[in-house]
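What's in coords-v6.txt: compact mmCIF, C-alpha atoms
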```txt
# COMPACT_ATOMS: atom_id res chain seq x y z
CA MET A 1 0.00 0.00 0.00
CA SER A 2 1.12 3.53 -0.77
CA ARG A 3 2.77 5.43 2.03
CA LYS A 4 2.70 8.68 0.13
CA ILE A 5 1.43 11.92 1.59
CA ALA A 6 -0.63 14.13 -0.73
CA LEU A 7 0.43 17.78 -0.44
CA ILE A 8 -2.54 19.74 -1.75
CA ASP A 9 -1.57 22.63 -4.02
CA TYR A 10 -4.57 24.93 -4.49
CA GLY A 11 -2.59 28.01 -5.43
CA ALA A 12 -2.54 29.62 -1.97
CA GLY A 13 1.09 30.63 -1.74
CA ASN A 14 4.21 28.71 -2.32
CA LEU A 15 4.72 25.10 -1.34
CA THR A 16 8.53 24.96 -1.44
CA SER A 17 9.05 25.41 2.31
CA VAL A 18 6.31 22.98 3.31
CA ARG A 19 7.68 20.41 0.87
CA LYS A 20 11.22 20.81 2.26
CA GLY A 21 9.96 20.55 5.83
CA LEU A 22 7.97 17.40 5.17
CA GLU A 23 10.89 15.83 3.31
CA ALA A 24 13.19 16.63 6.24
CA ALA A 25 10.63 14.90 8.47
CA GLY A 26 10.95 11.76 6.35
CA ALA A 27 7.78 12.08 4.30
CA ASP A 28 7.36 10.64 0.84
CA ILE A 29 5.19 13.30 -0.78
CA TYR A 30 3.42 14.01 -4.03
CA THR A 31 1.30 16.86 -5.29
CA PRO A 32 -1.97 15.54 -6.74
CA ALA A 33 -2.86 17.15 -10.07
CA THR A 34 -6.59 16.45 -9.69
CA ALA A 35 -8.86 15.51 -6.80
CA ARG A 36 -8.93 11.92 -8.09
CA ASP A 37 -5.20 11.65 -7.45
CA VAL A 38 -5.87 12.10 -3.72
CA THR A 39 -7.71 8.77 -3.62
CA HIS A 40 -4.69 6.61 -2.83
CA ALA A 41 -2.97 9.00 -0.41
CA ALA A 42 -1.83 7.53 2.90
CA GLY A 43 -1.99 11.00 4.43
CA ILE A 44 -3.09 14.47 3.34
CA VAL A 45 -1.51 17.86 4.09
CA VAL A 46 -3.42 21.06 3.33
CA PRO A 47 -1.04 24.03 3.54
CA GLY A 48 -1.83 27.61 2.58
CA VAL A 49 -1.26 31.25 3.37
CA GLY A 50 -3.18 34.39 2.61
CA HIS A 51 -6.88 35.11 2.23
CA PHE A 52 -9.56 32.53 3.08
CA ALA A 53 -11.08 33.20 -0.35
CA ALA A 54 -8.19 31.16 -1.82
CA THR A 55 -9.79 28.01 -0.36
CA ALA A 56 -12.66 28.42 -2.83
CA SER A 57 -10.67 26.30 -5.27
CA LEU A 58 -10.87 23.42 -2.78
CA ASP A 59 -14.65 23.40 -3.01
CA GLY A 60 -16.25 20.67 -5.11
CA PRO A 61 -14.27 17.51 -6.01
CA TRP A 62 -11.27 18.26 -3.76
CA ARG A 63 -13.45 18.75 -0.74
CA ASP A 64 -15.49 15.61 -1.50
CA GLU A 65 -12.39 13.48 -2.01
CA ILE A 66 -10.63 14.79 1.12
CA LEU A 67 -13.76 14.18 3.21
CA ARG A 68 -14.08 10.67 1.79
CA CYS A 69 -10.43 9.94 2.73
CA VAL A 70 -10.88 11.33 6.25
CA GLU A 71 -13.95 9.15 6.75
CA ALA A 72 -11.87 6.17 5.60
CA GLY A 73 -9.31 6.97 8.31
CA VAL A 74 -6.61 8.73 6.26
CA PRO A 75 -4.67 11.21 8.48
CA LEU A 76 -5.24 14.87 7.54
CA PHE A 77 -3.09 17.80 8.62
CA GLY A 78 -3.84 21.49 7.97
CA ILE A 79 -1.24 24.23 8.21
CA CYS A 80 -2.12 27.92 8.76
CA LEU A 81 -4.89 28.72 6.24
CA GLY A 82 -5.13 24.96 5.69
CA MET A 83 -6.03 24.50 9.36
CA GLN A 84 -8.60 27.30 9.21
CA TRP A 85 -10.19 25.53 6.24
CA LEU A 86 -10.81 22.45 8.46
CA PHE A 87 -13.34 24.58 10.41
CA ASP A 88 -16.84 25.60 9.25
CA GLY A 89 -15.51 28.75 7.62
CA SER A 90 -14.08 32.19 8.26
CA THR A 91 -15.52 35.67 8.52
CA GLU A 92 -12.72 36.67 6.12
CA ALA A 93 -14.74 35.13 3.26
CA ALA A 94 -18.09 34.22 4.78
CA GLU A 95 -19.56 32.90 1.52
CA ILE A 96 -16.95 30.13 1.24
CA PRO A 97 -17.55 27.03 3.39
CA GLY A 98 -14.70 25.27 5.14
CA LEU A 99 -14.39 21.48 5.33
CA GLY A 100 -16.30 21.48 8.61
CA VAL A 101 -14.44 18.67 10.36
CA PHE A 102 -13.96 21.05 13.30
CA SER A 103 -16.82 23.28 14.41
CA GLY A 104 -16.65 27.02 14.65
CA LEU A 105 -15.81 30.05 12.55
CA CYS A 106 -12.39 31.69 12.19
CA THR A 107 -12.43 35.39 12.97
CA ARG A 108 -10.02 38.32 12.79
CA ILE A 109 -7.68 38.72 15.76
CA GLU A 110 -8.85 41.81 17.65
CA ALA A 111 -5.68 42.75 19.50
CA PRO A 112 -5.46 46.18 21.12
CA ARG A 113 -2.63 48.57 20.20
CA PRO A 114 0.34 48.59 20.57
CA LEU A 115 -0.06 44.95 19.48
CA LYS A 116 -0.10 44.54 15.75
CA VAL A 117 -2.30 42.47 13.46
CA PRO A 118 -1.22 40.41 11.54
CA HIS A 119 0.39 38.40 14.32
CA VAL A 120 3.88 37.75 12.93
CA GLY A 121 6.72 36.06 14.73
CA TRP A 122 7.62 33.49 17.35
CA ASN A 123 5.13 32.81 20.12
CA THR A 124 4.68 30.16 22.79
CA LEU A 125 2.08 27.42 23.08
CA ALA A 126 -0.13 26.70 26.10
CA ARG A 127 -0.99 23.01 25.94
CA SER A 128 -4.57 22.18 26.87
CA ARG A 129 -4.81 18.47 26.11
CA GLU A 130 -2.80 15.38 25.25
CA SER A 131 -1.78 15.46 21.63
CA VAL A 132 -0.13 13.02 19.25
CA LEU A 133 0.99 15.81 16.93
CA LEU A 134 2.59 17.86 19.72
CA ASP A 135 4.18 14.85 21.41
CA GLY A 136 7.76 15.60 22.41
CA VAL A 137 7.55 19.34 21.78
CA GLU A 138 9.20 21.22 24.66
CA PRO A 139 6.63 23.03 26.83
CA ALA A 140 8.57 26.31 26.47
CA ALA A 141 9.07 25.96 22.69
CA HIS A 142 8.33 28.92 20.44
CA VAL A 143 6.75 28.44 17.02
CA TYR A 144 6.48 30.81 14.06
CA PHE A 145 3.13 32.41 13.22
CA THR A 146 2.02 34.74 10.45
CA HIS A 147 -1.76 35.31 10.26
CA ALA A 148 -4.51 37.85 10.91
CA TYR A 149 -7.42 35.42 11.39
CA ALA A 150 -7.58 32.59 13.89
CA ALA A 151 -9.73 29.62 14.87
CA PRO A 152 -11.80 29.58 18.07
CA VAL A 153 -10.78 27.67 21.19
CA THR A 154 -12.98 24.58 21.39
CA SER A 155 -12.77 21.22 23.16
CA GLU A 156 -10.69 19.91 20.22
CA CYS A 157 -8.02 22.52 20.73
CA VAL A 158 -4.79 20.91 22.00
CA ALA A 159 -2.78 24.13 22.34
CA THR A 160 -3.62 27.80 22.46
CA SER A 161 -1.52 30.87 21.87
CA GLU A 162 -2.06 34.46 22.85
CA HIS A 163 -1.84 37.80 21.07
CA GLY A 164 -4.19 40.18 22.85
CA VAL A 165 -6.74 37.37 22.58
CA THR A 166 -6.43 33.61 23.09
CA PHE A 167 -6.86 31.52 19.94
CA ALA A 168 -6.44 27.93 18.80
CA ALA A 169 -2.81 27.23 17.88
CA ALA A 170 -3.31 23.50 17.33
CA VAL A 171 -6.36 21.26 17.02
CA GLU A 172 -6.60 17.50 16.91
CA ARG A 173 -9.25 14.80 16.92
CA ALA A 174 -8.17 11.23 16.24
CA HIS A 175 -6.34 11.28 12.87
CA VAL A 176 -7.31 14.86 11.92
CA GLY A 177 -5.34 17.86 13.11
CA GLY A 178 -3.99 21.26 12.23
CA VAL A 179 -1.73 24.04 13.40
CA GLN A 180 -2.12 27.77 12.95
CA PHE A 181 1.65 28.31 12.96
CA HIS A 182 4.16 27.15 10.36
CA PRO A 183 5.86 23.95 11.56
CA GLU A 184 8.09 24.07 8.46
CA LYS A 185 9.47 27.40 9.76
CA SER A 186 9.49 26.60 13.47
CA SER A 187 12.90 24.98 13.75
CA ASP A 188 13.24 21.84 15.89
CA ALA A 189 9.78 22.11 17.47
CA GLY A 190 8.18 22.34 14.05
CA LEU A 191 10.14 19.43 12.59
CA ARG A 192 9.10 17.33 15.56
CA ILE A 193 5.43 18.03 14.78
CA LEU A 194 5.92 17.16 11.10
CA ARG A 195 7.67 13.92 12.11
CA ASN A 196 4.77 13.12 14.45
CA PHE A 197 2.36 13.51 11.54
CA VAL A 198 4.53 11.39 9.25
CA ARG A 199 4.61 8.70 11.93
CA MET A 200 0.80 8.88 12.19
CA VAL A 201 0.66 8.18 8.45
CA THR A 202 3.26 5.43 8.30
CA THR A 203 2.30 3.37 11.36
CA MET B 204 3.55 36.38 24.32
CA LEU B 205 4.93 37.33 20.93
CA SER B 206 8.73 37.57 20.99
CA ARG B 207 10.77 40.39 19.51
CA ARG B 208 12.74 38.94 16.64
CA ILE B 209 16.50 39.07 16.16
CA ILE B 210 17.39 38.81 12.49
CA ALA B 211 20.86 38.23 11.02
CA CYS B 212 21.71 39.65 7.63
CA LEU B 213 24.16 37.89 5.33
CA ASP B 214 25.57 40.02 2.51
CA VAL B 215 26.29 37.57 -0.26
CA ARG B 216 28.24 38.09 -3.48
CA ASN B 217 28.75 35.26 -5.97
CA GLY B 218 27.77 32.70 -3.37
CA CYS B 219 30.06 34.01 -0.60
CA VAL B 220 29.39 36.07 2.51
CA VAL B 221 31.33 39.27 1.89
CA LYS B 222 31.48 40.91 5.30
CA GLY B 223 34.24 39.71 7.56
CA VAL B 224 33.49 36.62 9.56
CA LYS B 225 35.70 35.58 12.42
CA PHE B 226 34.03 32.47 13.70
CA ALA B 227 36.39 29.77 14.80
CA GLY B 228 35.46 26.28 13.75
CA LEU B 229 33.78 27.16 10.50
CA GLN B 230 35.21 25.12 7.65
CA ASN B 231 34.58 27.93 5.24
CA ALA B 232 33.78 31.23 6.88
CA GLY B 233 32.50 32.65 3.61
CA ASP B 234 29.95 29.89 3.04
CA PRO B 235 26.45 31.31 3.68
CA ALA B 236 25.01 27.90 4.56
CA ALA B 237 27.74 27.29 7.16
CA LEU B 238 27.18 30.69 8.72
CA ALA B 239 23.40 30.28 8.64
CA ARG B 240 23.75 26.92 10.37
CA ARG B 241 25.88 28.54 13.06
CA TYR B 242 23.34 31.32 13.66
CA ASN B 243 20.54 28.78 13.80
CA ILE B 244 22.30 26.83 16.54
CA GLU B 245 22.71 30.07 18.48
CA GLY B 246 19.00 30.79 18.20
CA ILE B 247 18.65 33.41 15.48
CA ASP B 248 14.95 33.98 14.71
CA GLU B 249 15.21 34.72 11.03
CA LEU B 250 17.73 35.21 8.24
CA VAL B 251 17.98 37.79 5.52
CA ILE B 252 20.20 37.03 2.57
CA LEU B 253 21.10 40.23 0.79
CA ASP B 254 22.37 39.83 -2.76
CA VAL B 255 25.06 42.43 -3.30
CA THR B 256 25.85 41.17 -6.81
CA ALA B 257 24.68 42.85 -9.95
CA THR B 258 25.57 40.21 -12.51
CA ILE B 259 23.68 37.35 -14.12
CA GLU B 260 26.28 34.88 -12.82
CA GLY B 261 25.77 36.25 -9.34
CA ARG B 262 22.03 35.75 -9.67
CA ARG B 263 22.49 32.09 -10.51
CA ALA B 264 24.83 31.64 -7.57
CA MET B 265 22.18 33.33 -5.43
CA ALA B 266 19.53 30.76 -6.28
CA ASP B 267 22.01 28.02 -5.30
CA THR B 268 22.71 29.83 -2.03
CA ILE B 269 19.00 30.13 -1.22
CA ARG B 270 18.54 26.45 -2.05
CA ALA B 271 21.46 25.39 0.15
CA VAL B 272 20.36 27.50 3.13
CA SER B 273 16.64 26.65 2.94
CA LYS B 274 17.29 22.94 2.55
CA GLU B 275 18.58 22.53 6.08
CA LEU B 276 17.29 25.54 8.01
CA PHE B 277 13.71 25.62 9.12
CA ILE B 278 13.33 29.24 10.17
CA PRO B 279 12.00 32.13 8.07
CA LEU B 280 14.31 33.17 5.25
CA ALA B 281 14.01 36.49 3.42
CA VAL B 282 15.92 37.39 0.30
CA GLY B 283 16.59 40.91 -0.89
CA GLY B 284 18.85 42.97 -3.08
CA GLY B 285 18.17 43.48 -6.74
CA ILE B 286 14.63 42.07 -6.81
CA ARG B 287 13.23 44.20 -9.62
CA SER B 288 10.43 42.16 -11.13
CA ASP B 289 7.84 39.46 -10.62
CA GLU B 290 10.32 37.03 -12.21
CA ASP B 291 13.12 37.91 -9.76
CA ALA B 292 10.75 37.47 -6.81
CA GLY B 293 9.39 34.22 -8.22
CA ALA B 294 12.90 32.81 -8.70
CA ALA B 295 13.87 33.59 -5.10
CA ILE B 296 10.67 32.08 -3.73
CA GLU B 297 10.95 29.04 -5.98
CA ALA B 298 14.48 28.47 -4.66
CA GLY B 299 13.22 28.46 -1.07
CA ALA B 300 12.86 32.06 0.17
CA ASP B 301 9.83 32.58 2.40
CA LYS B 302 9.86 36.33 1.86
CA VAL B 303 11.25 38.70 -0.73
CA SER B 304 12.39 42.18 0.15
CA VAL B 305 11.71 44.84 -2.48
CA ASN B 306 13.11 48.37 -2.40
CA THR B 307 13.85 50.43 -5.53
CA ALA B 308 11.47 48.42 -7.74
CA ALA B 309 8.57 49.10 -5.36
CA LEU B 310 9.36 52.82 -5.39
CA SER B 311 9.33 52.99 -9.16
CA GLU B 312 6.35 50.66 -9.48
CA PRO B 313 4.31 50.38 -6.25
CA ALA B 314 1.84 48.00 -7.96
CA LEU B 315 4.58 45.34 -7.78
CA LEU B 316 3.82 45.02 -4.05
CA THR B 317 0.17 44.31 -4.80
CA ARG B 318 0.95 41.75 -7.49
CA LEU B 319 3.42 39.91 -5.28
CA SER B 320 1.09 39.87 -2.27
CA THR B 321 -1.79 38.62 -4.40
CA ARG B 322 0.39 35.87 -5.81
CA TYR B 323 2.34 34.76 -2.72
CA GLY B 324 0.45 36.30 0.22
CA SER B 325 1.40 39.53 1.99
CA GLN B 326 3.45 37.56 4.55
CA ALA B 327 5.92 36.94 1.71
CA VAL B 328 6.33 40.60 0.77
CA VAL B 329 8.74 42.84 2.67
CA VAL B 330 9.14 46.44 1.61
CA ALA B 331 12.66 47.70 2.33
CA ILE B 332 12.77 51.41 3.09
CA ASP B 333 16.08 53.27 3.28
CA ALA B 334 15.57 56.60 5.03
CA LYS B 335 17.65 59.62 5.96
CA ALA B 336 16.76 62.35 8.48
CA THR B 337 15.87 65.72 6.98
CA GLY B 338 15.42 67.79 10.13
CA ASN B 339 11.64 67.59 10.22
CA GLY B 340 11.16 63.98 9.09
CA TRP B 341 12.82 61.26 7.05
CA SER B 342 13.26 61.08 3.29
CA VAL B 343 13.20 57.81 1.35
CA TYR B 344 16.21 56.96 -0.81
CA ALA B 345 16.33 54.54 -3.72
CA ARG B 346 19.19 52.65 -5.39
CA SER B 347 21.06 51.64 -2.22
CA GLY B 348 20.84 55.09 -0.73
CA GLN B 349 22.11 56.84 -3.86
CA ALA B 350 18.97 58.53 -5.09
CA GLU B 351 16.73 60.75 -3.01
CA THR B 352 13.04 60.35 -3.76
CA MET B 353 10.28 62.84 -3.10
CA ARG B 354 8.79 60.45 -0.58
CA ASP B 355 8.50 60.73 3.18
CA ALA B 356 9.33 57.50 5.07
CA VAL B 357 6.14 57.42 7.16
CA GLY B 358 3.93 58.18 4.16
CA TRP B 359 5.63 55.54 2.00
CA ALA B 360 5.38 52.96 4.79
CA ARG B 361 1.62 53.56 4.99
CA GLU B 362 1.23 53.36 1.23
CA ALA B 363 3.30 50.17 1.00
CA GLU B 364 1.12 48.57 3.70
CA ALA B 365 -2.04 49.57 1.84
CA ARG B 366 -0.60 48.11 -1.37
CA GLY B 367 0.03 44.72 0.19
CA ALA B 368 3.42 44.69 1.92
CA GLY B 369 3.39 42.40 4.96
CA GLU B 370 6.46 43.76 6.74
CA ILE B 371 8.75 46.78 6.62
CA LEU B 372 12.53 46.51 6.70
CA LEU B 373 13.47 50.02 7.77
CA THR B 374 17.11 51.08 7.45
CA SER B 375 18.52 54.35 8.71
CA ILE B 376 21.11 55.50 6.17
CA ASP B 377 22.49 57.92 8.79
CA ARG B 378 23.21 55.09 11.23
CA ASP B 379 24.12 52.28 8.85
CA GLY B 380 27.65 51.05 9.55
CA THR B 381 28.22 53.55 12.37
CA ARG B 382 27.56 51.18 15.30
CA SER B 383 26.11 54.19 17.11
CA GLY B 384 22.66 52.73 17.71
CA PHE B 385 19.44 52.35 15.74
CA ASP B 386 17.47 55.48 14.80
CA CYS B 387 14.73 55.00 17.42
CA GLY B 388 12.90 58.17 16.34
CA LEU B 389 12.54 56.95 12.77
CA THR B 390 11.61 53.44 13.88
CA ALA B 391 8.93 54.61 16.32
CA ALA B 392 7.46 57.07 13.80
CA VAL B 393 7.02 54.31 11.22
CA SER B 394 6.05 51.54 13.66
CA THR B 395 3.22 53.55 15.20
CA ALA B 396 1.93 54.61 11.76
CA VAL B 397 1.36 51.08 10.42
CA SER B 398 -0.08 47.82 11.72
CA ILE B 399 2.40 45.51 9.97
CA PRO B 400 5.69 44.59 11.70
CA VAL B 401 8.68 46.89 11.41
CA ILE B 402 12.21 45.49 11.33
CA ALA B 403 14.73 48.10 12.44
CA SER B 404 18.11 48.14 10.71
CA GLY B 405 21.24 50.25 10.68
CA GLY B 406 23.45 51.21 13.60
CA ALA B 407 23.58 48.14 15.85
CA GLY B 408 26.74 48.32 17.93
CA THR B 409 25.90 47.15 21.44
CA PHE B 410 23.30 44.95 23.12
CA GLU B 411 21.81 48.09 24.67
CA HIS B 412 21.06 49.43 21.20
CA PHE B 413 18.72 46.47 20.65
CA LYS B 414 16.96 47.06 23.96
CA ASP B 415 16.49 50.72 23.00
CA VAL B 416 15.03 49.98 19.59
CA PHE B 417 12.59 47.43 21.07
CA THR B 418 11.44 49.84 23.79
CA THR B 419 11.83 53.47 22.66
CA GLY B 420 11.83 52.53 18.98
CA GLN B 421 8.84 50.16 19.24
CA ALA B 422 10.43 47.82 16.70
CA ASP B 423 8.96 44.37 16.20
CA ALA B 424 12.28 42.96 15.04
CA ALA B 425 15.86 44.16 14.73
CA LEU B 426 18.38 43.26 12.08
CA ALA B 427 22.16 43.35 12.17
CA ALA B 428 25.08 41.86 10.34
CA SER B 429 28.55 42.60 11.62
CA ILE B 430 27.72 42.52 15.35
CA PHE B 431 26.89 38.83 14.87
CA HIS B 432 29.79 38.11 12.51
CA PHE B 433 32.59 39.22 14.76
CA SER B 434 32.12 37.22 17.90
CA GLU B 435 30.96 33.78 18.83
CA HIS B 436 27.82 33.35 20.91
CA ALA B 437 26.74 36.93 20.11
CA VAL B 438 23.17 35.89 19.25
CA ALA B 439 22.70 33.83 22.40
CA ASP B 440 24.36 36.48 24.56
CA LEU B 441 22.19 39.22 23.07
CA LYS B 442 19.04 37.23 23.74
CA ASN B 443 20.06 36.57 27.33
CA TYR B 444 20.71 40.29 27.79
CA LEU B 445 17.30 41.23 26.33
CA HIS B 446 15.50 38.58 28.40
CA THR B 447 17.18 39.89 31.57
CA ASN B 448 16.09 43.40 30.62
CA GLY B 449 12.43 42.49 30.19
CA VAL B 450 12.29 42.25 26.38
CA PRO B 451 10.42 39.08 25.34
CA VAL B 452 12.65 36.91 23.15
CA ARG B 453 12.72 33.31 21.98
CA CYS B 454 15.42 31.60 24.02
```
Output the structure of this file as structure tokens.
Amino acid sequence: MSRKIALIDYGAGNLTSVRKGLEAAGADIYTPATARDVTHAAGIVVPGVGHFAATASLDGPWRDEILRCVEAGVPLFGICLGMQWLFDGSTEAAEIPGLGVFSGLCTRIEAPRPLKVPHVGWNTLARSRESVLLDGVEPAAHVYFTHAYAAPVTSECVATSEHGVTFAAAVERAHVGGVQFHPEKSSDAGLRILRNFVRMVTT
Amino acid sequence: MLSRRIIACLDVRNGCVVKGVKFAGLQNAGDPAALARRYNIEGIDELVILDVTATIEGRRAMADTIRAVSKELFIPLAVGGGIRSDEDAGAAIEAGADKVSVNTAALSEPALLTRLSTRYGSQAVVVAIDAKATGNGWSVYARSGQAETMRDAVGWAREAEARGAGEILLTSIDRDGTRSGFDCGLTAAVSTAVSIPVIASGGAGTFEHFKDVFTTGQADAALAASIFHFSEHAVADLKNYLHTNGVPVRC
């Protein structure tokens, strides 16, 4: 059986860094050209940066195929905008539905001055639950964020972060998870998370 | 809490770091990847590779440098110097840069910022602003500080943000290379006028200068080159100093 991870390219930013990070974590990856090519993936990564409107191109066959895989038990990991897409949607582009595997809407970070939005830079994680993806990450580790919208803190949130407000930094339920930060740019802590996902796929 | 970032700048020409490097234990002190690796171990938060070449050969070497550095370092990497077009930016990003820094090209064609941010996201677009004090403000200079523009630094920073820039790399021409401290007045004026992060540059000489630019200057990040090149452990020592002095940093 294939052990390949499908890295979904839907045109939201550049995939070079995510690809390099996953490769460094030991992943065997491919970029499906059509939604049908996702069918045999052993794991799925949805990356992405920028405006939630970019996820519109995931609507239709991609969404159906990814949902079908998740229901069949294929591990799914969302990064940044890709994690936000796992929720019901975002007020950034209210007309575009998310995948809906996590409930809630992403909203703009309302941080008071002198704090700035977008939230850019290294911040800490407050762990709220046991997590397979965050296993082995130092409690004091910093990770790299760059975003203006964030997902709500729900019972599926495994780590929060704070920038004027508290938001979901990582979510996880069984084999589906996501992180608001960029593990591929978060040095050792980030690589650990990517390796944890790769292990979830390969074992 | 969000940390203040410490960013190291590597001036690279034809694949080699051109400013003096006195690290012991580096196989090749001029190799950008070796230096980047060293900074990463010390805890640098981000790297800027500045292309100080103007030739086609240099450009090709640059792509190789970006590839070599980004292959093994998993921290944000910005590339600047001579990015004049969508193609230049695309080549840097394709090679592994997370951000491109645009200066003169954005001044002559501000719409470039919008195109790049639409294509790659505003987090990938840094506008580099070189400014010089005029007595009642700061003027923007183009072409590596050679050409004065009619623009005011605060006004241009606001316009660049509106056009899609995600960060501002703000260099004081007056302080650059002097080691006399960052221009905190300039940095604070720009930082309070925009909501995107401002990276202060030019004038770093002591650890105290960094504390000043993070407090008085309200900088979100600070960039330096030679202060990190000349001594070992400088990055780690600087971060310890800032932490002790109440500035949040990633240790």
Within 7 Å of chain B, which residues of chain A show up? Give each one with its shortest atom-to-atom distance in Å (one decimal) and the two atoms involved, counting all atoms listed in the file, rows by chain then rising residue number, as CSV.
```
residue,atom,partner,partner_atom,distance
A:Gly13,CA,B:Tyr323,CA,4.4
A:Asn14,CA,B:Tyr323,CA,6.3
A:Thr16,CA,B:Gly299,CA,5.9
A:Ser17,CA,B:Gly299,CA,6.2
A:Lys20,CA,B:Lys274,CA,6.4
A:Val49,CA,B:Gly324,CA,6.2
A:Gly50,CA,B:Gly324,CA,4.7
A:Lys116,CA,B:Ser398,CA,5.2
A:Val117,CA,B:Ser398,CA,6.0
A:Pro118,CA,B:Ile399,CA,6.4
A:Gly121,CA,B:Leu205,CA,6.6
A:Trp122,CA,B:Ser206,CA,5.6
A:Asn123,CA,B:Leu205,CA,4.6
A:Thr124,CA,B:Met204,CA,6.5
A:His142,CA,B:Arg453,CA,6.4
A:Thr146,CA,B:Gln326,CA,6.7
A:Glu162,CA,B:Met204,CA,6.1
A:His163,CA,B:Met204,CA,6.5
A:Glu184,CA,B:Phe277,CA,5.9
A:Lys185,CA,B:Ile278,CA,4.3
A:Ser186,CA,B:Ile278,CA,5.7
A:Ser187,CA,B:Phe277,CA,4.7
```
Return the single residue from A:Ala151, A:Leu134, A:Ala6, A:Ala141 that is closest to Pro75 (chain A), with distances computed using only C-alpha atoms.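 That would be A:Ala6, the residue with the smallest distance to Pro75 (chain A).
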From the list A:Ala27, A:Leu191, A:Ala150, A:Val46, which residue is nearest Leu15 (chain A) when using all atoms listed in the file?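 Looking only at the distances to Leu15 (chain A), the closest residue turns out to be A:Val46.
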Using only C-alpha atoms, tabulate the residues of region 123-164 of chain A lying at most 12 Å from any atom of region 80-89 of chain A, each with its closest atom pair and that distance in Å to one decimal, by chain and increasing residue number, as CSV.
```
residue,atom,partner,partner_atom,distance
A:Tyr144,CA,A:Cys80,CA,10.5
A:Phe145,CA,A:Cys80,CA,8.2
A:Thr146,CA,A:Cys80,CA,8.2
A:His147,CA,A:Cys80,CA,7.5
A:Ala148,CA,A:Leu81,CA,10.3
A:Tyr149,CA,A:Gln84,CA,8.5
A:Ala150,CA,A:Gln84,CA,7.1
A:Ala151,CA,A:Gln84,CA,6.2
A:Pro152,CA,A:Phe87,CA,9.3
A:Val153,CA,A:Phe87,CA,11.5
A:Thr154,CA,A:Phe87,CA,11.0
A:Glu156,CA,A:Phe87,CA,11.2
A:Cys157,CA,A:Met83,CA,11.7
```
Give me, please, the distance in Å between CA of Ile8 (chain A) and CA of Thr31 (chain A), quoted to one decimal.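 CA of Thr31 (chain A) lies at a distance of 6.0 Å from CA of Ile8 (chain A).
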With a distance cut-off of 10 Å and all atoms listed in the file, select the neighbouring residues of region 372-374 of chain B, excluding the residue or stretch itself and same-chain residues fewer than 5 positions from it, and output the selection as a PDB file with C-alpha atoms, in the frame of the given file.
```pdb
ATOM      1  CA  SER B 304      12.390  42.180   0.150  1.00  0.00           C
ATOM      2  CA  VAL B 305      11.710  44.840  -2.480  1.00  0.00           C
ATOM      3  CA  ASN B 306      13.110  48.370  -2.400  1.00  0.00           C
ATOM      4  CA  VAL B 329       8.740  42.840   2.670  1.00  0.00           C
ATOM      5  CA  VAL B 330       9.140  46.440   1.610  1.00  0.00           C
ATOM      6  CA  ALA B 331      12.660  47.700   2.330  1.00  0.00           C
ATOM      7  CA  ILE B 332      12.770  51.410   3.090  1.00  0.00           C
ATOM      8  CA  ASP B 333      16.080  53.270   3.280  1.00  0.00           C
ATOM      9  CA  ALA B 334      15.570  56.600   5.030  1.00  0.00           C
ATOM     10  CA  LYS B 335      17.650  59.620   5.960  1.00  0.00           C
ATOM     11  CA  VAL B 343      13.200  57.810   1.350  1.00  0.00           C
ATOM     12  CA  GLY B 348      20.840  55.090  -0.730  1.00  0.00           C
ATOM     13  CA  ALA B 356       9.330  57.500   5.070  1.00  0.00           C
ATOM     14  CA  ALA B 360       5.380  52.960   4.790  1.00  0.00           C
ATOM     15  CA  ASP B 379      24.120  52.280   8.850  1.00  0.00           C
ATOM     16  CA  PHE B 385      19.440  52.350  15.740  1.00  0.00           C
ATOM     17  CA  ASP B 386      17.470  55.480  14.800  1.00  0.00           C
ATOM     18  CA  LEU B 389      12.540  56.950  12.770  1.00  0.00           C
ATOM     19  CA  THR B 390      11.610  53.440  13.880  1.00  0.00           C
ATOM     20  CA  VAL B 393       7.020  54.310  11.220  1.00  0.00           C
ATOM     21  CA  SER B 394       6.050  51.540  13.660  1.00  0.00           C
ATOM     22  CA  PRO B 400       5.690  44.590  11.700  1.00  0.00           C
ATOM     23  CA  VAL B 401       8.680  46.890  11.410  1.00  0.00           C
ATOM     24  CA  ILE B 402      12.210  45.490  11.330  1.00  0.00           C
ATOM     25  CA  ALA B 403      14.730  48.100  12.440  1.00  0.00           C
ATOM     26  CA  SER B 404      18.110  48.140  10.710  1.00  0.00           C
ATOM     27  CA  GLY B 405      21.240  50.250  10.680  1.00  0.00           C
ATOM     28  CA  GLY B 406      23.450  51.210  13.600  1.00  0.00           C
ATOM     29  CA  ALA B 422      10.430  47.820  16.700  1.00  0.00           C
ATOM     30  CA  ALA B 424      12.280  42.960  15.040  1.00  0.00           C
ATOM     31  CA  ALA B 425      15.860  44.160  14.730  1.00  0.00           C
ATOM     32  CA  LEU B 426      18.380  43.260  12.080  1.00  0.00           C
TER      33      LEU B 426
END
```
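Using only C-alpha atoms, the contacts of Val137 (chain A) at a cut-off of 9 Å, with sequence neighbours closer than 2 positions omitted, comprise Leu133, Leu134, Asp135, Pro139, Ala140, Ala141, Asp188, Ala189, Gly190, Arg192 and Ile193 of chain A.
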Please provide the set of residues having any atom within 12 Å of region 255-269 of chain B, restricted to all atoms listed in the file, with same-chain residues fewer than 6 positions apart removed, written as number ranges by chain. A: 16-17; B: 212-222, 233-239, 275-276, 279-287, 291-303, 346-347
